[in-house]
>>> print(open('structure_32.txt').read())   # compact mmCIF, C-alpha atoms
# COMPACT_ATOMS: atom_id res chain seq x y z
CA MET F 1 0.00 0.00 0.00
CA TRP F 2 1.38 3.40 -1.01
CA TYR F 3 0.60 6.85 0.31
CA ASN F 4 1.66 10.14 -1.22
CA GLY F 5 3.13 12.36 1.45
CA ASP F 6 2.59 16.07 1.73
CA ILE F 7 5.66 18.20 1.06
CA ARG F 8 6.00 20.54 4.02
CA GLU F 9 8.42 23.12 5.31
CA ASP F 10 11.52 22.04 7.19
CA LEU F 11 10.49 21.90 10.85
CA THR F 12 14.02 22.38 12.11
CA GLY F 13 14.10 26.04 11.19
CA GLY F 14 17.76 25.63 10.29
CA ALA F 15 19.69 26.10 7.11
CA GLY F 16 21.07 23.27 5.00
CA ILE F 17 20.04 20.77 2.36
CA ILE F 18 16.64 19.21 3.01
CA GLU F 19 16.63 15.47 2.33
CA ARG F 20 13.66 13.82 0.64
CA ALA F 21 12.56 10.76 2.57
CA ILE F 22 10.27 7.75 2.15
CA LEU F 23 8.83 6.16 5.30
CA VAL F 24 8.39 2.38 5.44
CA ALA F 25 6.52 0.24 7.98
CA LEU F 26 5.61 -3.41 8.36
CA GLU F 27 2.07 -4.21 9.48
CA GLN F 28 1.88 -7.52 11.32
CA PRO F 29 -1.18 -9.35 12.67
CA GLY F 30 -2.02 -9.15 16.34
CA PRO F 31 -3.27 -6.56 18.82
CA GLU F 32 -1.20 -3.38 18.95
CA PRO F 33 -1.91 -0.25 21.01
CA TRP F 34 -0.67 1.88 18.09
CA THR F 35 -1.93 1.50 14.55
CA THR F 36 0.63 1.43 11.74
CA GLU F 37 -0.62 4.78 10.51
CA GLU F 38 -0.31 6.39 13.94
CA SER F 39 3.25 5.10 14.26
CA LEU F 40 4.09 6.41 10.78
CA ASP F 41 2.55 9.79 11.65
CA GLU F 42 4.96 10.03 14.57
CA LEU F 43 7.86 8.90 12.36
CA ASP F 44 6.86 11.69 9.96
CA LEU F 45 7.21 14.22 12.79
CA LEU F 46 10.58 12.76 13.76
CA ALA F 47 11.76 13.03 10.15
CA GLY F 48 10.66 16.66 10.09
CA SER F 49 12.54 17.36 13.32
CA ALA F 50 15.67 15.98 11.64
CA GLY F 51 15.21 18.15 8.55
CA ALA F 52 13.64 15.72 6.06
CA LEU F 53 10.70 16.18 3.72
CA VAL F 54 8.54 13.07 3.56
CA VAL F 55 7.60 12.46 -0.08
CA SER F 56 5.95 9.04 0.24
CA ARG F 57 4.98 6.25 2.62
CA ALA F 58 5.00 2.49 2.16
CA VAL F 59 3.27 -0.16 4.28
CA GLN F 60 3.62 -3.89 3.73
CA ARG F 61 1.47 -6.46 5.49
CA ARG F 62 3.39 -9.59 6.49
CA GLU F 63 3.21 -12.26 9.16
CA ALA F 64 6.79 -11.45 10.22
CA PRO F 65 9.86 -9.53 8.95
CA THR F 66 12.26 -11.32 6.63
CA SER F 67 15.75 -11.91 7.97
CA SER F 68 17.38 -10.61 4.79
CA HIS F 69 15.49 -7.40 3.94
CA TYR F 70 12.93 -6.92 6.77
CA ILE F 71 10.34 -6.38 4.01
CA GLY F 72 9.94 -8.82 1.15
CA PRO F 73 12.54 -8.68 -1.67
CA GLY F 74 9.76 -7.81 -4.14
CA LYS F 75 8.72 -4.85 -2.02
CA ALA F 76 12.35 -3.75 -1.82
CA ALA F 77 12.58 -3.78 -5.62
CA GLU F 78 9.34 -1.80 -5.79
CA LEU F 79 10.80 0.74 -3.37
CA ARG F 80 13.70 1.30 -5.74
CA GLY F 81 11.33 2.53 -8.43
CA VAL F 82 9.39 4.74 -6.01
CA ALA F 83 12.64 6.24 -4.71
CA GLU F 84 13.75 7.07 -8.25
CA GLU F 85 10.35 8.53 -9.13
CA ASN F 86 10.31 10.77 -6.03
CA ARG F 87 14.04 11.62 -6.19
CA ALA F 88 14.35 10.31 -2.64
CA ASP F 89 17.64 10.64 -0.77
CA LEU F 90 16.70 8.51 2.19
CA ILE F 91 14.49 5.56 3.25
CA ILE F 92 13.43 5.53 6.92
CA PHE F 93 12.08 2.30 8.46
CA ASP F 94 9.77 2.53 11.46
CA ASP F 95 11.44 -0.38 13.29
CA GLU F 96 15.04 -1.16 14.14
CA LEU F 97 16.88 -2.99 11.35
CA SER F 98 19.65 -5.52 11.77
CA PRO F 99 23.00 -4.66 10.14
CA THR F 100 22.37 -7.34 7.48
CA GLN F 101 18.90 -6.03 6.68
CA GLN F 102 20.21 -2.48 6.39
CA ARG F 103 23.04 -3.45 4.02
CA ASN F 104 20.79 -5.61 1.84
CA LEU F 105 18.13 -2.90 1.60
CA GLU F 106 20.67 -0.29 0.51
CA GLU F 107 21.95 -2.62 -2.20
CA ALA F 108 18.43 -3.43 -3.40
CA ILE F 109 17.05 0.13 -3.35
CA GLY F 110 20.18 2.10 -4.21
CA VAL F 111 19.40 4.76 -1.59
CA ARG F 112 20.68 5.27 1.96
CA VAL F 113 18.56 3.41 4.53
CA ILE F 114 18.19 4.20 8.24
CA ASP F 115 15.78 3.05 10.94
CA ARG F 116 13.81 4.77 13.68
CA ALA F 117 16.61 4.30 16.21
CA GLN F 118 19.16 5.99 13.95
CA LEU F 119 16.75 8.83 13.24
CA ILE F 120 16.19 9.47 16.96
CA LEU F 121 19.94 9.41 17.55
CA ASP F 122 20.36 12.01 14.80
CA ILE F 123 17.84 14.30 16.49
CA PHE F 124 19.50 13.81 19.87
CA THR F 125 22.83 14.78 18.31
CA ARG F 126 21.29 18.08 17.18
CA ARG F 127 19.66 18.75 20.54
CA ALA F 128 22.52 17.92 22.95
CA ARG F 129 23.96 21.20 24.23
CA THR F 130 25.81 20.25 27.41
CA LYS F 131 28.94 18.14 27.64
CA GLU F 132 26.97 15.53 29.53
CA GLY F 133 24.31 15.27 26.83
CA GLN F 134 26.92 15.04 24.09
CA LEU F 135 28.77 12.23 25.88
CA GLN F 136 25.59 10.25 26.36
CA VAL F 137 24.49 10.68 22.75
CA GLU F 138 27.90 9.65 21.42
CA LEU F 139 27.84 6.55 23.64
CA ALA F 140 24.44 5.55 22.22
CA GLN F 141 25.62 6.21 18.66
CA LEU F 142 28.73 4.07 18.98
CA LYS F 143 26.78 1.22 20.59
CA TYR F 144 24.41 1.39 17.64
CA MET F 145 27.27 1.61 15.15
CA LEU F 146 29.52 -1.17 16.50
CA PRO F 147 27.63 -4.17 15.07
CA ARG F 148 27.25 -2.31 11.76
CA LEU F 149 30.96 -1.95 11.07
CA ALA F 150 31.20 -5.40 9.46
CA GLY F 151 31.19 -5.20 5.70
CA GLN F 152 32.10 -1.51 5.58
CA GLY F 153 35.86 -2.02 5.89
CA THR F 154 37.86 0.14 8.23
CA SER F 155 36.66 3.39 6.71
CA LEU F 156 33.08 4.55 7.20
CA THR F 157 32.88 6.29 3.84
CA ARG F 158 29.08 6.48 4.10
CA LEU F 159 29.39 9.21 6.74
CA GLY F 160 28.62 12.24 4.65
CA GLY F 161 26.70 14.64 6.86
CA GLY F 162 23.12 13.57 6.09
CA ILE F 163 20.40 12.43 8.47
CA GLY F 164 21.62 9.50 10.54
CA THR F 165 25.30 10.33 9.91
CA ARG F 166 25.84 13.20 12.34
CA GLY F 167 27.82 13.10 15.55
CA PRO F 168 30.90 10.89 15.44
CA GLY F 169 30.64 10.68 11.65
CA GLU F 170 31.35 14.37 11.22
CA THR F 171 34.83 13.84 12.68
CA LYS F 172 35.76 11.33 9.93
CA LEU F 173 35.45 8.16 11.93
CA GLU F 174 37.97 5.93 10.15
CA VAL F 175 37.74 3.30 12.85
CA ASP F 176 37.68 -0.41 13.36
CA ARG F 177 35.98 -2.35 16.12
CA ARG F 178 38.95 -2.04 18.47
CA ARG F 179 39.02 1.76 18.25
CA VAL F 180 35.25 1.97 18.72
CA ARG F 181 35.45 -0.23 21.81
CA ARG F 182 38.27 1.94 23.16
CA ARG F 183 36.16 5.06 22.68
CA LEU F 184 33.16 3.31 24.26
CA ALA F 185 35.26 2.57 27.33
CA GLU F 186 36.33 6.23 27.52
CA LEU F 187 32.74 7.43 27.24
CA GLU F 188 31.53 4.98 29.86
CA ARG F 189 34.24 6.20 32.25
CA GLY F 190 33.25 9.80 31.56
CA ILE F 191 29.57 9.06 32.16
CA GLU F 192 30.41 7.15 35.35
CA GLU F 193 32.20 10.29 36.56
CA LEU F 194 29.03 12.25 35.76
CA ARG F 195 26.98 9.74 37.76
CA GLN F 196 29.30 10.15 40.73
CA ARG F 197 29.11 13.94 40.41
CA ARG F 198 25.31 13.80 40.33
CA ARG F 199 25.34 11.54 43.38
CA LEU F 200 27.46 14.07 45.27
CA HIS F 201 25.09 16.85 44.21
CA ARG F 202 22.14 14.83 45.51
CA GLU F 203 23.96 14.26 48.80
CA SER F 204 24.61 18.01 49.03
CA ARG F 205 20.92 18.69 48.39
CA ASN F 206 20.05 16.27 51.19
CA GLN F 207 22.07 18.41 53.60
CA ILE F 208 19.67 21.27 52.81
CA PRO F 209 16.71 19.04 52.03
CA TYR F 210 14.51 20.38 49.29
CA PRO F 211 12.09 17.75 48.03
CA VAL F 212 12.49 17.07 44.31
CA ALA F 213 9.75 16.79 41.69
CA SER F 214 10.58 15.67 38.14
CA LEU F 215 8.46 16.43 35.10
CA VAL F 216 8.19 13.29 32.98
CA GLY F 217 6.15 12.42 29.95
CA TYR F 218 6.02 11.73 26.26
CA THR F 219 8.04 13.99 24.00
CA ASN F 220 6.17 17.15 22.95
CA ALA F 221 3.60 16.76 25.75
CA GLY F 222 4.43 20.29 26.96
CA LYS F 223 6.87 19.59 29.81
CA SER F 224 9.22 22.47 28.99
CA THR F 225 6.34 24.91 28.51
CA LEU F 226 4.98 23.91 31.93
CA PHE F 227 8.47 24.14 33.45
CA ASN F 228 8.93 27.66 32.06
CA THR F 229 5.50 28.73 33.30
CA LEU F 230 6.14 27.49 36.83
CA THR F 231 9.77 28.63 37.12
CA ALA F 232 10.36 31.38 34.50
CA ALA F 233 13.47 29.38 33.54
CA GLY F 234 13.44 30.20 29.84
CA VAL F 235 14.06 26.59 28.76
CA ARG F 236 13.73 26.09 25.01
CA ALA F 237 10.15 24.99 24.31
CA GLU F 238 8.86 24.34 20.80
CA ASP F 239 6.03 22.39 19.19
CA ARG F 240 8.23 19.58 17.92
CA LEU F 241 9.65 16.28 19.12
CA PHE F 242 12.69 16.37 21.41
CA ALA F 243 12.99 20.17 21.41
CA THR F 244 14.68 19.87 24.82
CA LEU F 245 17.26 17.24 25.68
CA ASP F 246 19.42 18.43 28.56
CA PRO F 247 17.81 18.44 32.03
CA THR F 248 17.25 21.65 34.00
CA THR F 249 16.39 22.15 37.69
CA ARG F 250 14.89 25.22 39.39
CA ARG F 251 13.40 26.01 42.79
CA ILE F 252 9.71 26.81 43.21
CA THR F 253 7.41 27.45 46.18
CA LEU F 254 4.25 25.36 46.52
CA PRO F 255 1.22 26.85 48.32
CA ASP F 256 0.80 25.77 51.95
CA TYR F 257 3.92 23.64 51.69
CA GLY F 258 7.16 25.42 50.94
CA GLU F 259 10.10 25.26 48.56
CA VAL F 260 10.82 22.29 46.30
CA LEU F 261 13.14 21.60 43.37
CA LEU F 262 11.50 21.03 39.99
CA SER F 263 13.37 19.26 37.16
CA ASP F 264 12.59 19.18 33.46
CA THR F 265 13.75 15.94 31.80
CA VAL F 266 14.06 14.45 28.33
CA GLY F 267 10.82 13.13 26.86
CA PHE F 268 10.09 9.49 26.11
CA ILE F 269 8.81 8.06 22.84
CA HIS F 270 7.21 4.97 21.31
CA LYS F 271 9.88 2.42 20.27
CA LEU F 272 12.61 4.30 22.15
CA PRO F 273 15.87 2.45 21.43
CA HIS F 274 17.04 0.46 24.43
CA HIS F 275 20.67 1.55 24.01
CA LEU F 276 19.50 5.17 24.15
CA VAL F 277 17.78 4.58 27.49
CA ALA F 278 20.93 2.84 28.72
CA ALA F 279 23.19 5.70 27.57
CA PHE F 280 21.01 8.28 29.32
CA ARG F 281 20.83 6.33 32.57
CA ALA F 282 23.02 8.93 34.34
CA THR F 283 20.50 11.65 33.48
CA LEU F 284 17.47 9.46 34.11
CA GLU F 285 18.75 8.64 37.59
CA GLU F 286 17.54 12.13 38.51
CA VAL F 287 14.03 10.84 37.76
CA ALA F 288 14.62 7.66 39.76
CA GLU F 289 15.84 9.72 42.74
CA ALA F 290 12.97 12.23 42.65
CA ASP F 291 10.47 12.30 45.50
CA LEU F 292 7.54 12.99 43.17
CA LEU F 293 6.90 12.55 39.45
CA VAL F 294 4.62 14.91 37.56
CA GLN F 295 3.58 13.14 34.38
CA VAL F 296 2.65 15.67 31.71
CA VAL F 297 0.18 14.22 29.19
CA ASP F 298 -0.92 15.74 25.90
CA ALA F 299 -4.65 15.21 26.51
CA SER F 300 -5.44 16.36 22.96
CA HIS F 301 -3.40 13.56 21.36
CA PRO F 302 -5.43 10.62 20.00
CA GLN F 303 -2.87 8.24 21.53
CA ALA F 304 -2.80 9.89 24.97
CA ARG F 305 -3.40 6.56 26.74
CA GLY F 306 -0.79 4.81 24.62
CA GLN F 307 1.72 7.54 25.40
CA MET F 308 1.09 7.12 29.13
CA THR F 309 1.71 3.39 28.73
CA VAL F 310 5.05 4.11 27.03
CA VAL F 311 6.06 6.48 29.84
CA GLY F 312 5.09 3.91 32.47
CA ARG F 313 7.17 1.24 30.74
CA VAL F 314 10.31 3.43 30.58
CA LEU F 315 9.85 4.53 34.21
CA SER F 316 9.71 0.87 35.27
CA GLU F 317 12.85 0.18 33.24
CA ILE F 318 14.83 2.86 35.11
CA GLY F 319 13.49 1.88 38.54
CA ALA F 320 10.99 4.72 38.97
CA GLY F 321 7.77 2.84 38.31
CA GLU F 322 6.56 2.95 41.91
CA LYS F 323 7.24 6.63 42.56
CA PRO F 324 4.38 8.85 43.78
CA MET F 325 2.90 10.61 40.76
CA VAL F 326 0.58 13.47 39.89
CA THR F 327 -0.73 13.52 36.31
CA ALA F 328 -1.09 16.87 34.53
CA LEU F 329 -3.53 16.55 31.59
CA ASN F 330 -2.07 19.30 29.44
CA LYS F 331 -3.31 21.07 26.28
CA ALA F 332 -6.88 20.83 27.56
CA ASP F 333 -7.69 23.96 25.53
CA ARG F 334 -7.22 21.91 22.35
CA CYS F 335 -9.65 19.08 22.96
CA ASP F 336 -13.21 18.15 23.92
CA PRO F 337 -13.82 18.69 27.68
CA GLU F 338 -15.60 15.33 27.87
CA VAL F 339 -12.46 13.56 26.60
CA VAL F 340 -10.33 15.27 29.24
CA GLU F 341 -12.86 14.51 31.97
CA LEU F 342 -12.85 10.82 31.03
CA LEU F 343 -9.04 10.73 31.15
CA ALA F 344 -9.08 12.48 34.53
CA HIS F 345 -11.37 9.77 35.94
CA GLU F 346 -9.05 7.03 34.67
CA VAL F 347 -5.89 8.49 36.23
CA ARG F 348 -5.77 9.61 39.84
CA PRO F 349 -4.64 12.05 41.03
CA ALA F 350 -5.02 14.08 37.84
CA VAL F 351 -5.28 17.82 37.17
CA VAL F 352 -6.55 19.38 33.95
CA ILE F 353 -4.27 22.21 32.77
CA SER F 354 -3.09 24.24 29.82
CA ALA F 355 0.53 25.26 30.37
CA LEU F 356 0.39 27.58 27.36
CA ARG F 357 -2.84 29.32 28.49
CA ARG F 358 -1.77 29.20 32.16
CA THR F 359 -4.99 27.55 33.31
CA GLY F 360 -5.25 24.94 36.07
CA LEU F 361 -1.75 25.65 37.37
CA ASP F 362 -2.90 26.59 40.88
CA ASP F 363 -4.72 23.25 41.13
CA LEU F 364 -1.61 21.43 39.89
CA GLN F 365 0.61 23.07 42.50
CA LYS F 366 -1.94 22.24 45.22
CA ALA F 367 -1.95 18.60 44.07
CA MET F 368 1.85 18.54 44.16
CA ALA F 369 1.85 20.07 47.65
CA GLU F 370 -0.68 17.46 48.81
CA ALA F 371 1.51 14.66 47.44
CA PHE F 372 4.57 16.07 49.19
CA ARG F 373 2.70 16.57 52.43
CA GLY F 374 2.81 12.85 53.06
CA ARG F 375 6.57 13.25 53.57
CA LEU F 376 6.14 15.73 56.44
CA GLU F 377 6.36 14.84 60.09
CA PRO F 378 4.94 16.73 63.08
CA LEU F 379 7.26 19.09 64.94
CA ARG F 380 6.71 20.81 68.30
CA LEU F 381 9.36 23.20 69.58
CA VAL F 382 9.81 25.88 72.19
CA ILE F 383 11.94 28.59 70.57
CA PRO F 384 13.75 31.11 72.83
CA TYR F 385 12.81 34.70 72.10
CA ASP F 386 16.41 35.52 71.20
CA ARG F 387 16.31 32.91 68.39
CA GLN F 388 13.17 33.96 66.53
CA GLY F 389 14.94 33.39 63.22
CA ILE F 390 14.19 29.68 63.70
CA LEU F 391 10.47 30.47 63.47
CA SER F 392 11.02 32.18 60.13
CA LEU F 393 12.96 29.13 58.94
CA ILE F 394 10.10 26.82 59.93
CA HIS F 395 7.65 29.04 58.01
CA GLN F 396 9.95 28.83 55.00
CA LYS F 397 10.63 25.08 55.09
CA GLY F 398 7.36 23.67 56.41
CA ARG F 399 3.76 24.39 57.33
CA VAL F 400 3.13 26.07 60.69
CA THR F 401 -0.14 24.96 62.26
CA LYS F 402 0.04 26.71 65.65
CA VAL F 403 2.03 29.49 67.36
CA GLU F 404 1.75 30.48 71.03
CA TYR F 405 3.86 32.99 72.94
CA GLY F 406 4.69 31.65 76.43
CA GLN F 407 6.90 32.80 79.26
CA SER F 408 9.90 30.69 78.23
CA GLY F 409 9.62 31.18 74.49
CA ILE F 410 7.54 30.70 71.34
CA ILE F 411 5.67 27.38 71.21
CA VAL F 412 5.46 26.23 67.60
CA GLU F 413 3.62 23.27 66.10
CA ALA F 414 4.33 22.52 62.46
CA GLU F 415 4.68 19.92 59.72
CA ILE F 416 8.12 19.81 58.15
CA GLU F 417 10.57 17.57 56.29
CA GLY F 418 12.06 14.92 58.58
CA VAL F 419 15.64 16.06 58.01
CA TRP F 420 14.74 19.62 59.02
CA ALA F 421 12.80 18.38 62.05
CA ARG F 422 15.82 16.44 63.32
CA ARG F 423 18.17 19.35 62.64
CA LEU F 424 15.99 21.88 64.49
CA ARG F 425 15.49 19.57 67.46
CA GLY F 426 19.27 19.16 67.63
CA GLU F 427 19.86 22.91 67.56
CA LEU F 428 17.47 23.48 70.47
CA ALA F 429 18.45 20.43 72.49
>>> encode(input="structure_32.txt", output="structure tokens")
Amino acid sequence: MWYNGDIREDLTGGAGIIERAILVALEQPGPEPWTTEESLDELDLLAGSAGALVVSRAVQRREAPTSSHYIGPGKAAELRGVAEENRADLIIFDDELSPTQQRNLEEAIGVRVIDRAQLILDIFTRRARTKEGQLQVELAQLKYMLPRLAGQGTSLTRLGGGIGTRGPGETKLEVDRRRVRRRLAELERGIEELRQRRRLHRESRNQIPYPVASLVGYTNAGKSTLFNTLTAAGVRAEDRLFATLDPTTRRITLPDYGEVLLSDTVGFIHKLPHHLVAAFRATLEEVAEADLLVQVVDASHPQARGQMTVVGRVLSEIGAGEKPMVTALNKADRCDPEVVELLAHEVRPAVVISALRRTGLDDLQKAMAEAFRGRLEPLRLVIPYDRQGILSLIHQKGRVTKVEYGQSGIIVEAEIEGVWARRLRGELA
């Protein structure tokens, strides 16, 4: 089955040659949460984020992929004609290809072939701004590349600057397996140092204990827009997939609770390559260490439930599946109120918001404060009158429920983080 794609403007907003791409998917029997068309629609958006113009789509129905070409050899030959007719530069498959399948397809079609994993890696290469992000992306790229070196000799002459060839390829990677493994070891050491540095930062935060909330969710659900609205951080937020890659943390004050740290993290996606999750484990540990997760859901998306399932699966994979969570049903201004209400009943606790329109944010912050409140413990102190600064600190770090002025000092009852409670008791012991 063939579909003519719409030629659209380059979504990257950057200069350079726009590659003409054909998307290919295999439709297999059996229940799937995502239809083939929905998955291809997302692949279309990914291609646009990488700077490609989708000129055609191809879907083949088969019981299972072939070991040699993934699709049938006849379909591969047909693709060659379609690629010539549409002057295509690139064929993008919706599933991960084996090295053998990729080589055979390129020989049969006569056009460069990449898969979804390679496309996502290309986008991540564009988005990584910090040293940490660049190390993690390069690690994922080399792990993807290593099994594909066979048959290409010692010189990766195919690395020419197009989609799926950025990153290490731009530095003329004339490497063999030994050199790739050596670089992998260097990257893994560098990322381990980053993990240790993050661990020390978390230990430092525990000395001045701010609870941590992490925004999680599917890519383009509106996490960065929400983060900017709550923190005025100015994080890059655009209506495209993976607009933000590097994590950012800011401090906010929740009503009737106090100060917390809020982190914006990389978005998840359907068919996210496993080696990409593994490479970003140092960053994703921030999610695993958070005290509260705020899952941001694009309530207007037809696959909102499927996207939540994907997020839940990745969270379980990184050890954060059992974390307390508040769900923010975002972009409510774009969809039918009945649809949002039904979603809200299915997921508890859930808050309906529009980060862009700034609606529902007070309710979201109250829900976050309520979730954090379970971490508080009761505190009763008698504060000497010459140390009234402690009362101000309790107001800042916790929730004061009662204040009385007695002969020996100020009697305070409050709810506060356990670490602060122990510290304050020690100071007044």
>>> residues_around(input="structure_32.txt", residues="F:Gly319", least_positions_apart="2", cutoff="12 Å", atoms="all atoms listed in the file", output="PDB file with C-alpha atoms, keeping the file's coordinate frame")
ATOM      1  CA  ARG F 281      20.830   6.330  32.570  1.00  0.00           C
ATOM      2  CA  LEU F 284      17.470   9.460  34.110  1.00  0.00           C
ATOM      3  CA  GLU F 285      18.750   8.640  37.590  1.00  0.00           C
ATOM      4  CA  GLU F 286      17.540  12.130  38.510  1.00  0.00           C
ATOM      5  CA  VAL F 287      14.030  10.840  37.760  1.00  0.00           C
ATOM      6  CA  ALA F 288      14.620   7.660  39.760  1.00  0.00           C
ATOM      7  CA  GLU F 289      15.840   9.720  42.740  1.00  0.00           C
ATOM      8  CA  ALA F 290      12.970  12.230  42.650  1.00  0.00           C
ATOM      9  CA  GLY F 312       5.090   3.910  32.470  1.00  0.00           C
ATOM     10  CA  ARG F 313       7.170   1.240  30.740  1.00  0.00           C
ATOM     11  CA  VAL F 314      10.310   3.430  30.580  1.00  0.00           C
ATOM     12  CA  LEU F 315       9.850   4.530  34.210  1.00  0.00           C
ATOM     13  CA  SER F 316       9.710   0.870  35.270  1.00  0.00           C
ATOM     14  CA  GLU F 317      12.850   0.180  33.240  1.00  0.00           C
ATOM     15  CA  GLY F 321       7.770   2.840  38.310  1.00  0.00           C
ATOM     16  CA  GLU F 322       6.560   2.950  41.910  1.00  0.00           C
ATOM     17  CA  LYS F 323       7.240   6.630  42.560  1.00  0.00           C
TER      18      LYS F 323
END
>>> residues_around(input="structure_32.txt", residues="F:Ala421", least_positions_apart="4", cutoff="9 Å", atoms="only C-alpha atoms", output="list in words")
Glu377, Pro378, Leu379, Glu415, Ile416, Glu417, Arg425 and Gly426 of chain F
>>> closest_residue(input="structure_32.txt", among="F:Gln295, F:Asn330, F:Gln118, F:Gln365", to="F:Val352", atoms="all atoms listed in the file")
F:Asn330
>>> closest_residue(input="structure_32.txt", among="F:Gln28, F:Ser67, F:Gln388, F:Ser224", to="F:Thr265", atoms="only C-alpha atoms")
F:Ser224
>>> residues_around(input="structure_32.txt", residues="F:Met368", least_positions_apart="2", cutoff="12 Å", atoms="only C-alpha atoms", output="PyMOL selection string")
chain F and resi 211-215+252-262+291-295+324-328+349-351+361-366+370-375
